[in-house]
Amino acid sequence: MTTETQDDPTLQIFVEQSLEKLDQIENELIKLEKSSSPAGASVAQIYALTLALKESASLLEYTNINLIAGNIGNVLDKIFKNEITFTSDLLNVIIDTFDKLNELISNATLSSDYDIRIMTIPLEEALKSASSDPTRVDSKTETTIILHKADKGIPTELPNEFPTERKKTPSTSVEKFRKKFGIKKEIDLSSNTNPLGVSKAVSNSIVEMAKNCCAFKSDMSETLKFGLAKRHDVPEASVVVDNGAVDILDLILRLSAMPGTDHVLSYEFGLPEYNSVTALCGVELLKLPRSRNFSPPLDQMVTNANENTAAIIITNPDIPSGYGLPAEELATMATLLPKRTLLIVDERGVEFAWPEDDYSMLQFLEKIPNLIILRSFSWSFGIHGVRLGYALMSPEQAQLLEDSRLPHPISPLNLGAGLAALNHSEFYYSTIALIIRGRERIQDGLQELGCTVYPSQSNFVMFAAPIPATQFYSKMLDHGFKLRKLDEFGITDLLTVSIGNNSRNRMFLAAVENILSE
């Protein structure tokens, strides 16, 4: 994608408006799912929004988006006319197809590269199945809904209810549950991967570079640094790129901490990789206790920091809790630290915080000389399988790191993937919007089901079920969902769930409800 395309206001408006429509569609689908007799108003609203999305895609000549929206519209039209039975299977396919439509919109400028048969065939098969034995609604006894005349293509009168096979009471049998939702293999909600998958721009870049891996451009790292500097509005000299944020952390500590003398301050229940890095650097990692709401113990850090404190490491938003610490509080703490102590803030999930500027330390980069911000391409950019991270710091700190490592430390394939991801703006924007919406739904849904939910500003939610964590984890596995156990963090009574797409979030909450209703 070119810079011109990335900055195209028409594209940005299309993506923003399409995501807003999909959000409204999701709300109506939730109403349909919860109702034993779906109201015609919800179906009509979904139809109207889908039609509007289709027309927008047609105007911009996004053919595949136009076709998928059109296919969904055709199915909804048949539901309007009571030509097909509105079954739970059909609803599952419709929701899944809307998720795939979301994926296309997140790759709008490259949507023509997709083979959409994987999206159209399931819809066609579900349509045939639902058409095999349609149940009519008696128009004489059923009240109707009069639709707005501006909704072209929508019948002016719709039945209030449609035939349905869905039951309000959840299934108690694991086999019936998995069959109802079509779960044939394990769904991983433990690894915080991007729910939209990989950007089409990234996959195209990797394939193209694989064809030419006999040679590479030596300036790719500088090009990526230039792009990151422009993105964050910082000097290019303040950017360091490496194979991962933890690699940069390792290099920082090797250059700044004296083995056997210095120490690093952090807190309990933190990332296990911090233990590995400090141990390899020969530096003691002191972990301070923190409260049960998982907020970092800033006051204790200031009190315990001394001339032998090489660095303080804080993850924001926190891992594994998702707790978001306002940047202002971190900035205040930074002014109270010893002059030589580095403040290293791991912000690999901060793009999911809302609003991001309230939580990111980026705004203080020039004001706090010893501040180092770690970032990653894994989550928000959707390249978890490509190790690539970067750090933002003072130009002097960055130059010290650059002078202390071998040239070309990063694979050109990784750099190429990073450049493609950085320039694919609609994918990034769609990811953030999807995570924030999904996070709210998961948090609200778990609370309604009686779980204890910890506030999150990341792409996962930590919670406690009303039954023991080990028992709940096993039951979720039986239902087809893998959650994240937190034993490696020293936490045995809590679990985390990654935010998925609309379909996975919906099935996850249904599984939780099914288990807790036993």
# chains A, B, ... in the order shown; residues from 1 in each chain; ligands from 1
call {"tool": "residues_around", "arguments": {"residues": "Leu251 of chain A", "least_positions_apart": "6", "cutoff": "12 Å", "atoms": "only C-alpha atoms", "output": "list in words"}}
result
Val240, Val241, Asp242, Asn243, Gly244, Ala245, Ala257, Val277, Thr278, Leu280, Cys281, Ala391, Gln397, Ala398, Leu400, Leu401, Glu402, Asp403, Ser404, Arg405 and Leu406 of chain A
call {"tool": "select_by_dssp", "arguments": {"residues": "segment 238-309 of chain A", "states": "strand (DSSP E or B)", "output": "ChimeraX atom specification"}}
result
/A:239-242,263-267,284-288,309
call {"tool": "closest_atom_pairs", "arguments": {"of": "segment 199-275 of chain A", "to": "segment 108-118 of chain A", "cutoff": "12 Å", "atoms": "only C-alpha atoms", "output": "Markdown table"}}
result
| residue | atom | partner | partner_atom | distance |
| --- | --- | --- | --- | --- |
| A:Ser199 | CA | A:Leu110 | CA | 9.4 |
| A:Lys200 | CA | A:Leu110 | CA | 6.7 |
| A:Ala201 | CA | A:Leu110 | CA | 7.3 |
| A:Val202 | CA | A:Leu110 | CA | 10.9 |
| A:Ser203 | CA | A:Asp113 | CA | 11.0 |
| A:Asn204 | CA | A:Asp113 | CA | 9.4 |
call {"tool": "residues_around", "arguments": {"residues": "Arg387 of chain A", "least_positions_apart": "3", "cutoff": "8 Å", "atoms": "only C-alpha atoms", "output": "VMD selection string"}}
result
chain A and resid 243 to 244 377 to 378 383 to 384 414
call {"tool": "write_last_selection", "arguments": {"atoms": "C-alpha atoms", "output": "PDB file, in the first residue's frame"}}
result
ATOM      1  CA  ASN A 243      13.710  -9.062  16.670  1.00  0.00           C
ATOM      2  CA  GLY A 244      11.485  -8.414  19.655  1.00  0.00           C
ATOM      3  CA  PHE A 377       4.338  -5.700  16.179  1.00  0.00           C
ATOM      4  CA  SER A 378       2.834  -8.941  17.525  1.00  0.00           C
ATOM      5  CA  ILE A 383       2.266 -10.584  13.099  1.00  0.00           C
ATOM      6  CA  HIS A 384       2.672 -12.625  16.271  1.00  0.00           C
ATOM      7  CA  ASN A 414      10.750  -9.683   9.354  1.00  0.00           C
TER       8      ASN A 414
END
call {"tool": "closest_residue", "arguments": {"among": "A:Asn505, A:Ile515, A:Ala279, A:Tyr429", "to": "Gln471 of chain A", "atoms": "only C-alpha atoms"}}
result
A:Ile515
call {"tool": "select_by_dssp", "arguments": {"residues": "segment 351-408 of chain A", "states": "alpha helix (DSSP H)", "output": "number ranges by chain"}}
result
A: 395-403
call {"tool": "write_last_selection", "arguments": {"atoms": "N, CA and C atoms", "output": "mmCIF file, in the first residue's frame"}}
result
data_model
loop_
_atom_site.group_PDB
_atom_site.id
_atom_site.type_symbol
_atom_site.label_atom_id
_atom_site.label_comp_id
_atom_site.auth_asym_id
_atom_site.auth_seq_id
_atom_site.Cartn_x
_atom_site.Cartn_y
_atom_site.Cartn_z
ATOM 1 N N PRO A 395 17.838 10.040 21.719
ATOM 2 C CA PRO A 395 18.810 9.734 20.667
ATOM 3 C C PRO A 395 20.144 9.225 21.218
ATOM 4 N N GLU A 396 20.549 9.729 22.370
ATOM 5 C CA GLU A 396 21.821 9.299 22.957
ATOM 6 C C GLU A 396 21.753 7.834 23.391
ATOM 7 N N GLN A 397 20.647 7.450 24.041
ATOM 8 C CA GLN A 397 20.470 6.058 24.444
ATOM 9 C C GLN A 397 20.396 5.145 23.218
ATOM 10 N N ALA A 398 19.686 5.592 22.196
ATOM 11 C CA ALA A 398 19.532 4.789 20.983
ATOM 12 C C ALA A 398 20.867 4.569 20.287
ATOM 13 N N GLN A 399 21.675 5.601 20.215
ATOM 14 C CA GLN A 399 22.977 5.479 19.562
ATOM 15 C C GLN A 399 23.878 4.508 20.315
ATOM 16 N N LEU A 400 23.805 4.524 21.649
ATOM 17 C CA LEU A 400 24.584 3.591 22.451
ATOM 18 C C LEU A 400 24.208 2.148 22.117
ATOM 19 N N LEU A 401 22.930 1.881 21.964
ATOM 20 C CA LEU A 401 22.479 0.527 21.628
ATOM 21 C C LEU A 401 22.922 0.135 20.219
ATOM 22 N N GLU A 402 22.790 1.058 19.278
ATOM 23 C CA GLU A 402 23.166 0.760 17.895
ATOM 24 C C GLU A 402 24.656 0.462 17.780
ATOM 25 N N ASP A 403 25.459 1.176 18.553
ATOM 26 C CA ASP A 403 26.920 0.981 18.491
ATOM 27 C C ASP A 403 27.367 -0.308 19.179
#
call {"tool": "closest_atom_pairs", "arguments": {"of": "segment 281-374 of chain A", "to": "segment 441-464 of chain A", "cutoff": "9 Å", "atoms": "only C-alpha atoms", "output": "JSON lines"}}
result
{"residue": "A:Asn293", "atom": "CA", "partner": "A:Tyr454", "partner_atom": "CA", "distance": 7.4}
{"residue": "A:Phe294", "atom": "CA", "partner": "A:Tyr454", "partner_atom": "CA", "distance": 8.9}
{"residue": "A:Asn316", "atom": "CA", "partner": "A:Gln457", "partner_atom": "CA", "distance": 8.8}
{"residue": "A:Pro317", "atom": "CA", "partner": "A:Gln457", "partner_atom": "CA", "distance": 6.0}
{"residue": "A:Asp318", "atom": "CA", "partner": "A:Ser458", "partner_atom": "CA", "distance": 8.0}
{"residue": "A:Ile319", "atom": "CA", "partner": "A:Ser458", "partner_atom": "CA", "distance": 8.6}
{"residue": "A:Pro320", "atom": "CA", "partner": "A:Met462", "partner_atom": "CA", "distance": 7.1}
{"residue": "A:Ser321", "atom": "CA", "partner": "A:Met462", "partner_atom": "CA", "distance": 5.5}
{"residue": "A:Gly322", "atom": "CA", "partner": "A:Ser456", "partner_atom": "CA", "distance": 4.2}
{"residue": "A:Tyr323", "atom": "CA", "partner": "A:Ser456", "partner_atom": "CA", "distance": 5.2}
{"residue": "A:Gly324", "atom": "CA", "partner": "A:Gln457", "partner_atom": "CA", "distance": 5.4}
{"residue": "A:Gly349", "atom": "CA", "partner": "A:Ser458", "partner_atom": "CA", "distance": 5.6}
{"residue": "A:Val350", "atom": "CA", "partner": "A:Ser458", "partner_atom": "CA", "distance": 6.8}
{"residue": "A:Glu351", "atom": "CA", "partner": "A:Ser458", "partner_atom": "CA", "distance": 8.0}
{"residue": "A:Phe352", "atom": "CA", "partner": "A:Ser458", "partner_atom": "CA", "distance": 5.2}
{"residue": "A:Ala353", "atom": "CA", "partner": "A:Gln457", "partner_atom": "CA", "distance": 4.5}
{"residue": "A:Trp354", "atom": "CA", "partner": "A:Gln457", "partner_atom": "CA", "distance": 6.9}
call {"tool": "residues_around", "arguments": {"residues": "segment 474-491 of chain A", "least_positions_apart": "6", "cutoff": "6 Å", "atoms": "only C-alpha atoms", "output": "PyMOL selection string"}}
result
chain A and resi 174+186-190+269+497
call {"tool": "closest_residue", "arguments": {"among": "A:Ile105, A:Leu298, A:Val93, A:Leu127", "to": "Glu16 of chain A", "atoms": "only C-alpha atoms"}}
result
A:Ile105
